[in-house]
>>> print(open('upload09.cif').read())   # mmCIF, C-alpha atoms
data_model
loop_
_atom_site.label_atom_id
_atom_site.label_comp_id
_atom_site.auth_asym_id
_atom_site.auth_seq_id
_atom_site.Cartn_x
_atom_site.Cartn_y
_atom_site.Cartn_z
CA MET O 16 -40.49 4.59 -19.55
CA THR O 17 -41.02 1.33 -21.36
CA MET O 18 -38.83 -1.65 -20.59
CA LEU O 19 -35.66 -2.33 -22.57
CA THR O 20 -36.01 -4.05 -25.93
CA PRO O 21 -34.16 -7.37 -26.49
CA GLU O 22 -31.63 -5.55 -28.71
CA GLU O 23 -30.94 -2.99 -25.99
CA ILE O 24 -30.52 -5.74 -23.43
CA ASP O 25 -28.00 -7.45 -25.71
CA VAL O 26 -26.05 -4.22 -26.16
CA LEU O 27 -26.07 -3.51 -22.43
CA LYS O 28 -25.04 -7.07 -21.58
CA LEU O 29 -22.20 -7.04 -24.09
CA SER O 30 -21.01 -3.61 -22.91
CA CYS O 31 -20.95 -4.74 -19.30
CA GLN O 32 -19.28 -8.03 -20.23
CA VAL O 33 -16.54 -6.19 -22.13
CA ALA O 34 -16.07 -3.55 -19.42
CA ALA O 35 -16.01 -6.09 -16.58
CA SER O 36 -13.57 -8.39 -18.40
CA CYS O 37 -11.38 -5.39 -19.18
CA LEU O 38 -11.31 -4.43 -15.50
CA VAL O 39 -10.62 -7.99 -14.28
CA LEU O 40 -7.84 -8.35 -16.84
CA SER O 41 -6.23 -4.99 -15.98
CA LEU O 42 -6.54 -4.82 -12.22
CA ILE O 43 -3.56 -6.89 -11.11
CA PRO O 44 -1.09 -5.70 -13.78
CA ALA O 45 -2.18 -2.09 -13.18
CA THR O 46 -1.67 -2.45 -9.42
CA LEU O 47 1.79 -3.85 -10.03
CA VAL O 48 2.72 -1.05 -12.44
CA ALA O 49 1.25 1.55 -10.06
CA TRP O 50 3.30 0.17 -7.17
CA VAL O 51 6.48 0.21 -9.25
CA LEU O 52 5.84 3.81 -10.30
CA ALA O 53 4.95 4.91 -6.77
CA ARG O 54 7.71 3.18 -4.85
CA LYS O 55 10.65 2.32 -7.10
CA GLU O 56 13.35 4.35 -8.78
CA PHE O 57 15.05 2.77 -11.76
CA TRP O 58 16.82 3.67 -14.94
CA GLY O 59 14.37 4.51 -17.72
CA LYS O 60 11.46 5.15 -15.35
CA SER O 61 10.26 8.27 -17.15
CA LEU O 62 10.33 6.41 -20.46
CA PHE O 63 8.33 3.54 -18.96
CA GLU O 64 5.87 6.06 -17.52
CA THR O 65 5.47 7.76 -20.89
CA VAL O 66 4.68 4.47 -22.60
CA VAL O 67 2.09 3.57 -19.94
CA PHE O 68 0.30 6.92 -20.28
CA LEU O 69 0.59 7.21 -24.06
CA PRO O 70 -2.92 5.81 -24.85
CA LEU O 71 -4.37 8.66 -22.79
CA VAL O 72 -3.13 11.30 -25.21
CA LEU O 73 -3.17 9.45 -28.53
CA PRO O 74 -6.15 9.59 -30.89
CA PRO O 75 -7.85 6.23 -30.01
CA VAL O 76 -7.67 5.20 -33.66
CA VAL O 77 -3.88 4.90 -33.31
CA PRO O 78 -3.86 2.22 -30.57
CA GLY O 79 -6.72 0.54 -32.43
CA TYR O 80 -4.72 0.33 -35.63
CA LEU O 81 -1.57 -0.79 -33.81
CA LEU O 82 -3.58 -3.52 -32.04
CA LEU O 83 -4.80 -4.70 -35.42
CA GLN O 84 -1.23 -4.90 -36.69
CA VAL O 85 -0.01 -6.75 -33.60
CA PHE O 86 -2.99 -8.87 -32.51
CA GLY O 87 -4.84 -9.22 -35.80
CA ASN O 88 -5.03 -12.77 -37.18
CA ARG O 89 -1.98 -12.05 -39.33
CA GLY O 90 -0.41 -9.70 -36.81
CA ILE O 91 3.06 -9.97 -35.34
CA ILE O 92 1.77 -11.76 -32.22
CA GLY O 93 -1.75 -12.61 -33.40
CA GLN O 94 -0.57 -15.15 -35.99
CA TYR O 95 0.98 -17.27 -33.23
CA LEU O 96 -2.05 -17.02 -30.96
CA ALA O 97 -4.63 -17.87 -33.62
CA PRO O 98 -3.67 -21.60 -33.84
CA PHE O 99 -4.42 -21.87 -30.10
CA GLY O 100 -7.91 -20.55 -30.70
CA LEU O 101 -7.10 -17.17 -29.18
CA GLU O 102 -8.35 -14.73 -31.77
CA PHE O 103 -8.89 -11.06 -31.11
CA ALA O 104 -9.81 -9.58 -34.44
CA PHE O 105 -13.50 -8.83 -34.90
CA ASN O 106 -14.74 -10.51 -31.74
CA TRP O 107 -15.57 -9.40 -28.20
CA LYS O 108 -12.14 -10.43 -26.81
CA GLY O 109 -10.61 -7.86 -29.11
CA ALA O 110 -13.03 -5.26 -27.76
CA VAL O 111 -11.82 -6.16 -24.25
CA LEU O 112 -8.19 -5.79 -25.33
CA ALA O 113 -8.87 -2.43 -27.02
CA SER O 114 -10.64 -0.97 -23.99
CA ALA O 115 -8.04 -2.45 -21.63
CA VAL O 116 -5.29 -0.58 -23.46
CA MET O 117 -7.29 2.65 -23.28
CA GLY O 118 -8.40 2.26 -19.65
CA PHE O 119 -5.07 1.03 -18.26
CA PRO O 120 -3.48 4.48 -17.72
CA LEU O 121 -6.52 5.71 -15.80
CA LEU O 122 -6.39 2.69 -13.53
CA VAL O 123 -2.64 2.97 -13.01
CA GLN O 124 -2.75 6.69 -12.25
CA SER O 125 -5.51 6.41 -9.61
CA ILE O 126 -3.86 3.46 -7.85
CA ARG O 127 -0.44 5.10 -8.01
CA LEU O 128 -1.67 8.31 -6.36
CA ALA O 129 -3.40 6.25 -3.67
CA ILE O 130 -0.23 4.23 -2.97
CA GLU O 131 1.88 7.38 -2.84
CA LEU O 132 -0.42 8.73 -0.14
CA VAL O 133 0.20 5.73 2.12
CA ASP O 134 2.90 6.66 4.66
CA ARG O 135 5.92 4.48 3.99
CA ARG O 136 6.60 4.31 7.70
CA LEU O 137 3.40 2.27 8.05
CA GLU O 138 4.97 -0.26 5.69
CA MET O 139 8.15 -0.10 7.77
CA ALA O 140 6.09 -0.66 10.90
CA ALA O 141 4.50 -3.73 9.32
CA LYS O 142 7.94 -5.07 8.41
CA THR O 143 9.31 -4.54 11.90
CA LEU O 144 6.31 -6.56 13.08
CA GLY O 145 7.21 -9.59 11.03
CA ALA O 146 5.44 -8.94 7.73
CA SER O 147 7.31 -9.63 4.50
CA SER O 148 7.43 -6.90 1.85
CA PHE O 149 4.55 -8.60 0.08
CA GLY O 150 2.68 -9.08 3.35
CA ALA O 151 3.10 -5.41 4.24
CA PHE O 152 1.76 -4.48 0.82
CA MET O 153 -1.26 -6.77 1.12
CA GLN O 154 -2.12 -5.98 4.73
CA VAL O 155 -1.28 -2.30 4.92
CA THR O 156 -0.69 -0.57 1.58
CA LEU O 157 -3.50 -2.16 -0.39
CA PRO O 158 -6.30 -1.68 2.18
CA LEU O 159 -5.22 1.93 2.73
CA ALA O 160 -5.20 2.53 -1.02
CA SER O 161 -8.55 0.80 -1.53
CA SER O 162 -10.54 3.96 -2.26
CA GLY O 163 -8.06 4.93 -4.98
CA ILE O 164 -8.26 1.42 -6.39
CA LEU O 165 -12.03 1.67 -6.49
CA VAL O 166 -12.01 5.10 -8.15
CA GLY O 167 -9.53 3.78 -10.71
CA SER O 168 -11.69 0.72 -11.32
CA ILE O 169 -14.78 2.85 -11.91
CA LEU O 170 -12.86 5.14 -14.27
CA CYS O 171 -11.50 2.14 -16.15
CA PHE O 172 -14.93 0.47 -16.28
CA CYS O 173 -16.62 3.62 -17.56
CA ARG O 174 -13.80 4.32 -20.02
CA SER O 175 -14.33 0.82 -21.34
CA LEU O 176 -18.10 1.35 -21.63
CA GLY O 177 -17.42 4.51 -23.60
CA GLU O 178 -14.56 3.16 -25.71
CA PHE O 179 -15.26 3.87 -29.37
CA GLY O 180 -12.28 4.74 -31.58
CA ALA O 181 -9.87 1.94 -30.73
CA THR O 182 -12.67 -0.62 -30.69
CA ILE O 183 -14.20 0.24 -34.05
CA THR O 184 -10.73 0.34 -35.64
CA PHE O 185 -9.56 -2.94 -34.16
CA VAL O 186 -12.67 -5.11 -34.06
CA GLY O 187 -15.27 -3.27 -36.11
CA ASN O 188 -18.95 -2.85 -35.30
CA ILE O 189 -20.55 -6.30 -35.26
CA ALA O 190 -23.90 -6.86 -33.55
CA ASN O 191 -23.69 -9.13 -30.47
CA GLU O 192 -19.94 -9.39 -30.83
CA THR O 193 -18.34 -5.94 -30.69
CA ARG O 194 -21.31 -3.56 -30.78
CA THR O 195 -21.14 -1.94 -27.36
CA LEU O 196 -23.23 1.08 -26.27
CA PRO O 197 -21.36 3.83 -28.15
CA LEU O 198 -21.08 1.70 -31.30
CA ALA O 199 -24.81 0.91 -31.16
CA MET O 200 -25.56 4.63 -30.84
CA TYR O 201 -23.28 5.38 -33.75
CA SER O 202 -25.02 2.75 -35.91
CA LEU O 203 -28.44 4.14 -35.05
CA MET O 204 -27.36 7.68 -35.87
CA GLN O 205 -26.39 6.51 -39.35
CA GLN O 206 -30.00 5.45 -39.99
CA PRO O 207 -33.05 7.66 -40.50
CA ASP O 208 -35.84 8.06 -37.89
CA THR O 209 -33.97 6.61 -34.97
CA GLU O 210 -34.11 9.57 -32.57
CA THR O 211 -36.12 7.76 -29.92
CA ALA O 212 -33.84 4.74 -30.02
CA VAL O 213 -30.74 6.94 -29.72
CA TRP O 214 -32.25 8.80 -26.78
CA ARG O 215 -33.02 5.53 -25.02
CA LEU O 216 -29.38 4.44 -25.34
CA ILE O 217 -28.18 7.85 -24.16
CA ILE O 218 -30.36 7.60 -21.07
CA LEU O 219 -29.09 4.06 -20.52
CA SER O 220 -25.45 5.24 -20.72
CA LEU O 221 -26.15 8.13 -18.37
CA SER O 222 -27.75 5.79 -15.83
CA VAL O 223 -24.90 3.28 -15.87
CA ALA O 224 -22.24 6.01 -15.49
CA PHE O 225 -24.26 7.80 -12.82
CA PHE O 226 -24.68 4.71 -10.66
CA ALA O 227 -21.04 3.69 -11.05
CA LEU O 228 -19.82 7.09 -9.81
CA TRP O 229 -22.45 7.20 -7.10
CA PHE O 230 -21.31 3.83 -5.83
CA ALA O 231 -17.69 5.08 -5.70
CA GLN O 232 -18.73 8.11 -3.62
CA TRP O 233 -20.77 5.97 -1.29
CA PHE O 234 -17.94 3.48 -0.84
CA ASN O 235 -15.46 6.23 0.06
CA ARG O 236 -17.80 7.61 2.71
CA TYR O 237 -18.41 4.14 4.08
CA GLN O 238 -14.67 3.51 4.38
CA LYS O 239 -14.03 6.82 6.12
CA ASN O 240 -16.82 6.11 8.59
CA LYS O 241 -15.39 2.68 9.26
CA ARG O 242 -12.04 4.22 10.16
CA GLY O 243 -13.82 6.67 12.45
CA TYR O 244 -13.22 9.91 10.54
CA SER O 245 -16.69 11.29 11.11
CA THR O 246 -18.93 10.94 14.12
CA MET W 20 25.11 -7.41 25.01
CA ILE W 21 24.99 -5.03 22.06
CA ASP W 22 27.92 -4.16 19.89
CA CYS W 23 27.77 -2.17 16.69
CA GLN W 24 30.18 -0.52 14.35
CA LEU W 25 28.35 1.47 11.73
CA HIS W 26 29.48 3.26 8.64
CA ILE W 27 26.41 4.66 6.94
CA GLN W 28 26.22 6.85 3.90
CA GLN W 29 22.99 8.40 2.70
CA GLY W 30 23.59 10.97 -0.01
CA GLN W 31 25.62 13.78 1.56
CA PHE W 32 25.16 12.40 5.06
CA VAL W 33 27.94 10.22 6.44
CA LEU W 34 27.86 8.57 9.84
CA ASP W 35 30.67 6.68 11.51
CA GLN W 36 30.01 5.34 14.99
CA HIS W 37 30.95 2.56 17.33
CA PHE W 38 28.77 1.65 20.28
CA GLN W 39 29.00 -1.11 22.78
CA SER W 40 27.20 -1.82 26.01
CA ASP W 41 26.43 -4.62 28.45
CA GLN W 42 23.47 -2.80 29.92
CA LYS W 43 19.90 -3.89 29.31
CA VAL W 44 18.54 -0.42 28.64
CA VAL W 45 20.71 1.95 26.66
CA GLY W 46 19.92 5.53 25.73
CA LEU W 47 21.02 7.16 22.50
CA PHE W 48 21.30 10.90 22.87
CA GLY W 49 21.83 13.42 20.11
CA ALA W 50 20.45 16.60 18.57
CA SER W 51 17.88 16.34 15.79
CA GLY W 52 19.51 15.64 12.45
CA SER W 53 22.44 13.83 14.07
CA GLY W 54 21.40 10.47 12.64
CA LYS W 55 19.57 8.84 15.55
CA THR W 56 16.74 7.53 13.41
CA THR W 57 19.21 6.33 10.78
CA ILE W 58 21.00 4.27 13.43
CA LEU W 59 17.71 2.76 14.61
CA HIS W 60 16.67 1.91 11.06
CA SER W 61 19.99 0.20 10.40
CA LEU W 62 19.63 -1.82 13.61
CA ALA W 63 16.11 -2.78 12.50
CA GLY W 64 17.42 -3.82 9.09
CA LEU W 65 15.35 -1.24 7.24
CA ILE W 66 18.55 0.21 5.76
CA SER W 67 21.94 -1.45 5.33
CA PRO W 68 25.13 0.24 6.55
CA LYS W 69 27.93 0.50 4.02
CA SER W 70 30.23 -1.40 6.31
CA GLY W 71 30.64 -2.47 9.94
CA TRP W 72 28.78 -4.94 12.12
CA ILE W 73 25.75 -5.25 14.38
CA LYS W 74 25.80 -7.88 17.10
CA LEU W 75 23.25 -8.59 19.79
CA GLY W 76 23.97 -11.14 22.51
CA GLY W 77 25.50 -14.07 20.64
CA GLN W 78 23.92 -13.24 17.29
CA THR W 79 25.40 -11.39 14.37
CA TRP W 80 22.73 -9.43 12.50
CA PHE W 81 25.01 -7.63 10.14
CA ASP W 82 28.67 -8.00 9.25
CA SER W 83 29.98 -6.53 6.02
CA ALA W 84 33.24 -8.53 6.26
CA GLN W 85 31.40 -11.86 6.60
CA LYS W 86 28.61 -10.76 4.24
CA ILE W 87 25.94 -11.34 6.85
CA ASN W 88 22.81 -9.21 6.64
CA LEU W 89 19.70 -10.60 8.32
CA SER W 90 16.36 -9.29 7.12
CA THR W 91 14.11 -7.20 9.35
CA GLN W 92 11.93 -10.27 9.84
CA GLN W 93 14.85 -12.45 10.93
CA ARG W 94 16.08 -9.86 13.45
CA ARG W 95 12.69 -9.63 15.17
CA VAL W 96 13.07 -6.13 16.55
CA GLY W 97 10.28 -4.00 17.94
CA LEU W 98 10.32 -0.43 16.69
CA VAL W 99 8.19 2.26 18.30
CA PHE W 100 7.97 5.36 16.12
CA GLN W 101 7.82 8.97 17.28
CA ASP W 102 4.23 9.26 16.09
CA ALA W 103 3.10 5.68 16.85
CA GLN W 104 2.30 4.76 13.20
CA LEU W 105 -0.68 2.63 14.16
CA PHE W 106 -2.44 1.06 11.20
CA PRO W 107 -5.36 3.46 10.69
CA HIS W 108 -7.60 0.81 9.11
CA LYS W 109 -7.28 -1.64 11.99
CA SER W 110 -8.84 -1.44 15.43
CA VAL W 111 -6.61 -1.24 18.51
CA ILE W 112 -6.83 -4.97 19.19
CA LYS W 113 -5.98 -5.79 15.57
CA ASN W 114 -3.01 -3.43 15.77
CA LEU W 115 -1.88 -5.18 18.94
CA MET W 116 -2.25 -8.60 17.36
CA PHE W 117 -0.39 -7.71 14.14
CA GLY W 118 3.10 -8.70 15.25
CA PHE W 119 1.78 -11.36 17.65
CA ASN W 120 0.20 -13.19 14.71
CA HIS W 121 3.46 -13.08 12.76
CA ILE W 122 5.42 -15.21 15.24
CA SER W 123 5.03 -18.83 16.22
CA PRO W 124 3.41 -19.70 19.59
CA THR W 125 6.78 -20.88 20.96
CA GLN W 126 8.32 -17.48 20.29
CA ARG W 127 5.61 -15.64 22.21
CA GLN W 128 6.89 -14.34 25.53
CA PHE W 129 3.74 -12.53 26.62
CA LYS W 130 0.03 -13.09 26.63
CA VAL W 131 -2.19 -10.49 25.00
CA ASP W 132 -4.17 -9.93 28.22
CA GLU W 133 -0.98 -9.44 30.16
CA ILE W 134 0.24 -6.61 27.92
CA VAL W 135 -3.23 -5.05 27.65
CA GLU W 136 -3.38 -4.95 31.44
CA LEU W 137 0.19 -3.70 31.87
CA LEU W 138 -0.43 -0.78 29.52
CA LYS W 139 -4.01 -0.23 30.73
CA LEU W 140 -5.55 -0.65 27.30
CA GLU W 141 -8.64 -2.64 28.36
CA HIS W 142 -11.17 0.07 27.49
CA LEU W 143 -9.49 0.94 24.17
CA THR W 144 -9.31 -2.41 22.36
CA GLY W 145 -12.40 -1.87 20.20
CA ARG W 146 -11.53 1.66 19.10
CA MET W 147 -10.02 2.84 15.84
CA PRO W 148 -6.65 4.64 16.12
CA ILE W 149 -8.07 8.02 15.06
CA LYS W 150 -10.18 8.05 18.22
CA LEU W 151 -7.17 7.79 20.54
CA SER W 152 -5.20 10.57 22.23
CA GLY W 153 -1.48 10.89 21.53
CA GLY W 154 -0.55 9.13 24.76
CA GLU W 155 -2.99 6.30 24.13
CA LYS W 156 -1.65 5.82 20.60
CA GLN W 157 1.87 5.56 21.96
CA ARG W 158 0.79 2.98 24.55
CA VAL W 159 -0.86 0.88 21.83
CA ALA W 160 2.28 1.18 19.66
CA LEU W 161 4.36 0.02 22.62
CA GLY W 162 2.01 -2.89 23.26
CA ARG W 163 2.06 -3.84 19.60
CA ALA W 164 5.87 -3.94 19.60
CA LEU W 165 6.01 -5.91 22.88
CA LEU W 166 3.53 -8.53 21.71
CA TYR W 167 5.91 -9.26 18.85
CA SER W 168 8.28 -10.52 21.60
CA PRO W 169 11.19 -8.55 20.17
CA GLN W 170 14.80 -9.51 20.81
CA LEU W 171 15.53 -5.79 20.94
CA LEU W 172 13.08 -2.96 21.49
CA LEU W 173 13.93 0.23 19.62
CA LEU W 174 12.22 3.38 20.83
CA ASP W 175 12.51 6.35 18.50
CA GLU W 176 11.73 9.44 20.60
CA PRO W 177 8.47 7.88 21.74
CA LEU W 178 7.59 10.86 23.94
CA SER W 179 8.60 13.77 21.74
CA ALA W 180 5.19 14.17 20.14
CA LEU W 181 3.44 14.35 23.54
CA ASP W 182 2.79 17.30 25.85
CA ALA W 183 4.11 17.35 29.41
CA ALA W 184 0.96 15.85 30.92
CA HIS W 185 0.89 12.92 28.52
CA LYS W 186 4.63 12.39 28.98
CA ALA W 187 4.18 12.14 32.72
CA GLU W 188 1.34 9.68 32.10
CA ILE W 189 3.40 7.36 29.93
CA ILE W 190 6.82 7.37 31.66
CA PRO W 191 5.67 5.00 34.43
CA PHE W 192 4.77 2.47 31.73
CA PHE W 193 8.29 2.53 30.36
CA GLN W 194 9.66 2.04 33.87
CA LYS W 195 7.29 -0.88 34.38
CA ILE W 196 8.45 -2.49 31.14
CA LYS W 197 12.07 -1.96 32.12
CA GLN W 198 11.55 -3.59 35.52
CA ASN W 199 9.10 -6.36 34.66
CA LEU W 200 10.01 -7.50 31.18
CA ASP W 201 13.31 -8.95 30.14
CA ILE W 202 13.87 -7.16 26.83
CA PRO W 203 16.97 -5.18 25.81
CA MET W 204 16.01 -1.67 24.81
CA LEU W 205 17.56 1.19 22.94
CA TYR W 206 15.90 4.46 23.82
CA VAL W 207 16.51 7.40 21.51
CA SER W 208 15.84 10.95 22.59
CA HIS W 209 17.05 14.52 22.42
CA ASP W 210 15.76 15.16 25.96
CA LYS W 211 18.58 14.64 28.44
CA ALA W 212 16.39 14.44 31.55
CA GLU W 213 14.04 11.89 29.99
CA ILE W 214 16.89 9.67 28.84
CA GLU W 215 18.67 9.82 32.22
CA GLN W 216 15.48 8.87 33.97
CA LEU W 217 14.82 5.81 31.84
CA THR W 218 18.16 4.28 30.84
CA ASP W 219 21.18 2.66 32.48
CA GLU W 220 23.80 3.92 30.09
CA ILE W 221 23.87 6.70 27.52
CA TRP W 222 25.58 6.82 24.16
CA TYR W 223 26.26 10.30 22.82
CA LEU W 224 26.10 11.11 19.16
#
>>> encode(input="upload09.cif", output="structure tokens")
Amino acid sequence: MTMLTPEEIDVLKLSCQVAASCLVLSLIPATLVAWVLARKEFWGKSLFETVVFLPLVLPPVVPGYLLLQVFGNRGIIGQYLAPFGLEFAFNWKGAVLASAVMGFPLLVQSIRLAIELVDRRLEMAAKTLGASSFGAFMQVTLPLASSGILVGSILCFCRSLGEFGATITFVGNIANETRTLPLAMYSLMQQPDTETAVWRLIILSLSVAFFALWFAQWFNRYQKNKRGYST
Amino acid sequence: MIDCQLHIQQGQFVLDQHFQSDQKVVGLFGASGSGKTTILHSLAGLISPKSGWIKLGGQTWFDSAQKINLSTQQRRVGLVFQDAQLFPHKSVIKNLMFGFNHISPTQRQFKVDEIVELLKLEHLTGRMPIKLSGGEKQRVALGRALLYSPQLLLLDEPLSALDAAHKAEIIPFFQKIKQNLDIPMLYVSHDKAEIEQLTDEIWYL
């Protein structure tokens, strides 16, 4: 196989930049939301849960359009952010926001399941040994939930790499700005005689997804071995 | 020494008890489901009684009338669970050091080596908890609680998950702790013989 063309490198770089920023942006809020859903009971919890998971079941165009209305340059919030130089419409930051909204539920759900699996008595044990609630979370809950956090991160990262509908609705399809892998494929498919180019991008997508999942599997095995589960 | 009046309500379950003792090692005896663990958790500050008080020595840990309710951290109690609850992602030595590292050097009553030797844990320090037998896990849990230099050691049926052989192996350690270390203890069990063997006074639930 020949090496990647400069255009392909740009697309791959932008895709990874968007996906990585999306993950970095989402990780802490998602962990917080996951912890709240796993450990707390409060009035309106099921409503809150529904809102968090809504992007998972909506046609992606809907969140994309809503983002445009809210964070567009004349949007409800966007108009106040624009004077500070924080613009989302039709640039890569908007692509990050769009994929963050779409990937968030996946991240929350994986982390939540992992936290629910941590025995609460281990947290109690940590507290009776002098740890604060936050300390118990950081030293016990989080490390024990780390494989779930990793799986969630990979899902969110890959979801972001594959994000199409919300992105194209919110920020369009602009080369070097919002044209990530799926958008580049879409553009190519609109043109004649591009089969080879499309195939190259498909292989590229497959490779990235394959290695991300493979890494997650490897990490889980490594962690189990470290805790002495297999001999 | 220890004086508590507890009114606890958890859903349908209501518990109303008064206990007092001047003995160093007190046993709490009751059938399963009678609220033994609930009492321990309220002493440890993991749950708050609806009303009453908890006093140890000269300190008041909880008093609903005076609106005093010290946090688990402030009470500095050691709690040994039925099934050890060692941190599975930390080696034995890191488990032992967990509470030790959470208190200031002036609060530390024991040296790590001293406790490791007392509980015969020398050969286990590098292992992960999953590689330990039930009795070994319980010894590590006990060491972990002791190294936190607790003002009160709460033992929640620490032998109930062990078979007869492992029980016999671990009982001498409890007796050693009782004789050598100056820590008030509350020992919970549903085994009459075990509790009579290890404690100076028994509260019945």
>>> closest_residue(input="upload09.cif", among="W:Ala183, W:Leu143, W:Leu200, W:Ile87", to="W:Phe129", atoms="only C-alpha atoms")
W:Leu200
>>> closest_residue(input="upload09.cif", among="W:Lys211, W:Arg163, W:Lys86, W:Lys55", to="chain O", atoms="only C-alpha atoms")
W:Arg163
>>> closest_atom_pairs(input="upload09.cif", of="chain W", to="chain O", cutoff="6 Å", atoms="all atoms listed in the file", output="Markdown table")
| residue | atom | partner | partner_atom | distance |
| --- | --- | --- | --- | --- |
| W:Gln92 | CA | O:Gly145 | CA | 4.9 |
| W:Gln104 | CA | O:Leu137 | CA | 5.8 |
| W:His108 | CA | O:Arg242 | CA | 5.7 |
| W:Gly118 | CA | O:Leu144 | CA | 4.4 |
| W:His121 | CA | O:Gly145 | CA | 5.4 |
>>> residues_around(input="upload09.cif", residues="O:Leu83", least_positions_apart="4", cutoff="12 Å", atoms="only C-alpha atoms", output="JSON, numbers by chain")
{"O": [76, 77, 78, 79, 87, 88, 89, 90, 91, 92, 93, 94, 102, 103, 104, 105, 109, 110, 112, 113, 181, 182, 183, 184, 185, 186, 187]}
>>> atom_distance(input="upload09.cif", atom1="atom CA of O:Ile217", atom2="atom CA of O:Cys171")
19.4 Å
>>> axis_aligned_box(input="upload09.cif", around="stretch 144-148 of chain O", padding_each_side="5 Å", output="lines of an AutoDock Vina configuration file")
center_x = 6.4
center_y = -8.1
center_z = 7.5
size_x = 12.0
size_y = 13.1
size_z = 21.2
>>> resolve_selection(input="upload09.cif", expression="the PyMOL selection byres ((chain W and resi 66-76) around 12)", output="short mmCIF file (atom, residue, chain, number, x, y, z; two decimals) with C-alpha atoms, in the coordinates of the input")
data_model
loop_
_atom_site.label_atom_id
_atom_site.label_comp_id
_atom_site.auth_asym_id
_atom_site.auth_seq_id
_atom_site.Cartn_x
_atom_site.Cartn_y
_atom_site.Cartn_z
CA MET O 139 8.15 -0.10 7.77
CA MET W 20 25.11 -7.41 25.01
CA ILE W 21 24.99 -5.03 22.06
CA ASP W 22 27.92 -4.16 19.89
CA CYS W 23 27.77 -2.17 16.69
CA GLN W 24 30.18 -0.52 14.35
CA LEU W 25 28.35 1.47 11.73
CA HIS W 26 29.48 3.26 8.64
CA ILE W 27 26.41 4.66 6.94
CA GLN W 28 26.22 6.85 3.90
CA GLN W 29 22.99 8.40 2.70
CA VAL W 33 27.94 10.22 6.44
CA LEU W 34 27.86 8.57 9.84
CA ASP W 35 30.67 6.68 11.51
CA GLN W 36 30.01 5.34 14.99
CA HIS W 37 30.95 2.56 17.33
CA PHE W 38 28.77 1.65 20.28
CA GLN W 39 29.00 -1.11 22.78
CA SER W 40 27.20 -1.82 26.01
CA ASP W 41 26.43 -4.62 28.45
CA GLN W 42 23.47 -2.80 29.92
CA LYS W 43 19.90 -3.89 29.31
CA THR W 56 16.74 7.53 13.41
CA THR W 57 19.21 6.33 10.78
CA ILE W 58 21.00 4.27 13.43
CA LEU W 59 17.71 2.76 14.61
CA HIS W 60 16.67 1.91 11.06
CA SER W 61 19.99 0.20 10.40
CA LEU W 62 19.63 -1.82 13.61
CA ALA W 63 16.11 -2.78 12.50
CA GLY W 64 17.42 -3.82 9.09
CA LEU W 65 15.35 -1.24 7.24
CA GLY W 77 25.50 -14.07 20.64
CA GLN W 78 23.92 -13.24 17.29
CA THR W 79 25.40 -11.39 14.37
CA TRP W 80 22.73 -9.43 12.50
CA PHE W 81 25.01 -7.63 10.14
CA ASP W 82 28.67 -8.00 9.25
CA SER W 83 29.98 -6.53 6.02
CA ALA W 84 33.24 -8.53 6.26
CA GLN W 85 31.40 -11.86 6.60
CA LYS W 86 28.61 -10.76 4.24
CA ILE W 87 25.94 -11.34 6.85
CA ASN W 88 22.81 -9.21 6.64
CA LEU W 89 19.70 -10.60 8.32
CA SER W 90 16.36 -9.29 7.12
CA THR W 91 14.11 -7.20 9.35
CA ARG W 94 16.08 -9.86 13.45
CA ARG W 95 12.69 -9.63 15.17
CA VAL W 96 13.07 -6.13 16.55
CA GLN W 170 14.80 -9.51 20.81
CA LEU W 171 15.53 -5.79 20.94
CA LEU W 172 13.08 -2.96 21.49
CA ILE W 202 13.87 -7.16 26.83
CA PRO W 203 16.97 -5.18 25.81
CA MET W 204 16.01 -1.67 24.81
CA LEU W 205 17.56 1.19 22.94
#
>>> resolve_selection(input="upload09.cif", expression="the PyMOL selection byres ((chain O and resi 51) around 12)", output="PyMOL selection string")
chain O and resi 44-50+52-57+60-61+63-64+123-124+126-128+130-131
>>> atom_distance(input="upload09.cif", atom1="atom CA of O:Glu192", atom2="atom CA of O:Leu27")
11.9 Å
>>> atom_distance(input="upload09.cif", atom1="atom CA of W:Val159", atom2="atom CA of W:Thr125")
23.1 Å
>>> resolve_selection(input="upload09.cif", expression="the PyMOL selection byres ((chain W and resi 207) around 10)", output="PyMOL selection string")
chain W and resi 45-49+55-56+58-59+101+173-178+204-206+208-210+213-214+218+221-222
>>> closest_residue(input="upload09.cif", among="O:Pro21, O:Pro98, O:Pro207, O:Gly118", to="O:Gly167", atoms="only C-alpha atoms")
O:Gly118
>>> decode(input="upload09.cif", residues="stretch 84-96 of chain W", atoms="C-alpha atoms", output="PDB file, in the first residue's frame")
ATOM      1  CA  ALA W  84     -29.650  16.918  71.475  1.00  0.00           C
ATOM      2  CA  GLN W  85     -26.408  18.918  71.185  1.00  0.00           C
ATOM      3  CA  LYS W  86     -26.309  18.526  67.389  1.00  0.00           C
ATOM      4  CA  ILE W  87     -22.906  16.882  67.488  1.00  0.00           C
ATOM      5  CA  ASN W  88     -22.073  14.434  64.717  1.00  0.00           C
ATOM      6  CA  LEU W  89     -18.387  13.818  64.049  1.00  0.00           C
ATOM      7  CA  SER W  90     -17.450  12.492  60.623  1.00  0.00           C
ATOM      8  CA  THR W  91     -15.990   9.021  60.157  1.00  0.00           C
ATOM      9  CA  GLN W  92     -12.588  10.638  59.672  1.00  0.00           C
ATOM     10  CA  GLN W  93     -12.809  12.613  62.920  1.00  0.00           C
ATOM     11  CA  ARG W  94     -13.826   9.527  64.928  1.00  0.00           C
ATOM     12  CA  ARG W  95     -10.824   7.509  63.736  1.00  0.00           C
ATOM     13  CA  VAL W  96     -12.330   4.071  64.177  1.00  0.00           C
TER      14      VAL W  96
END
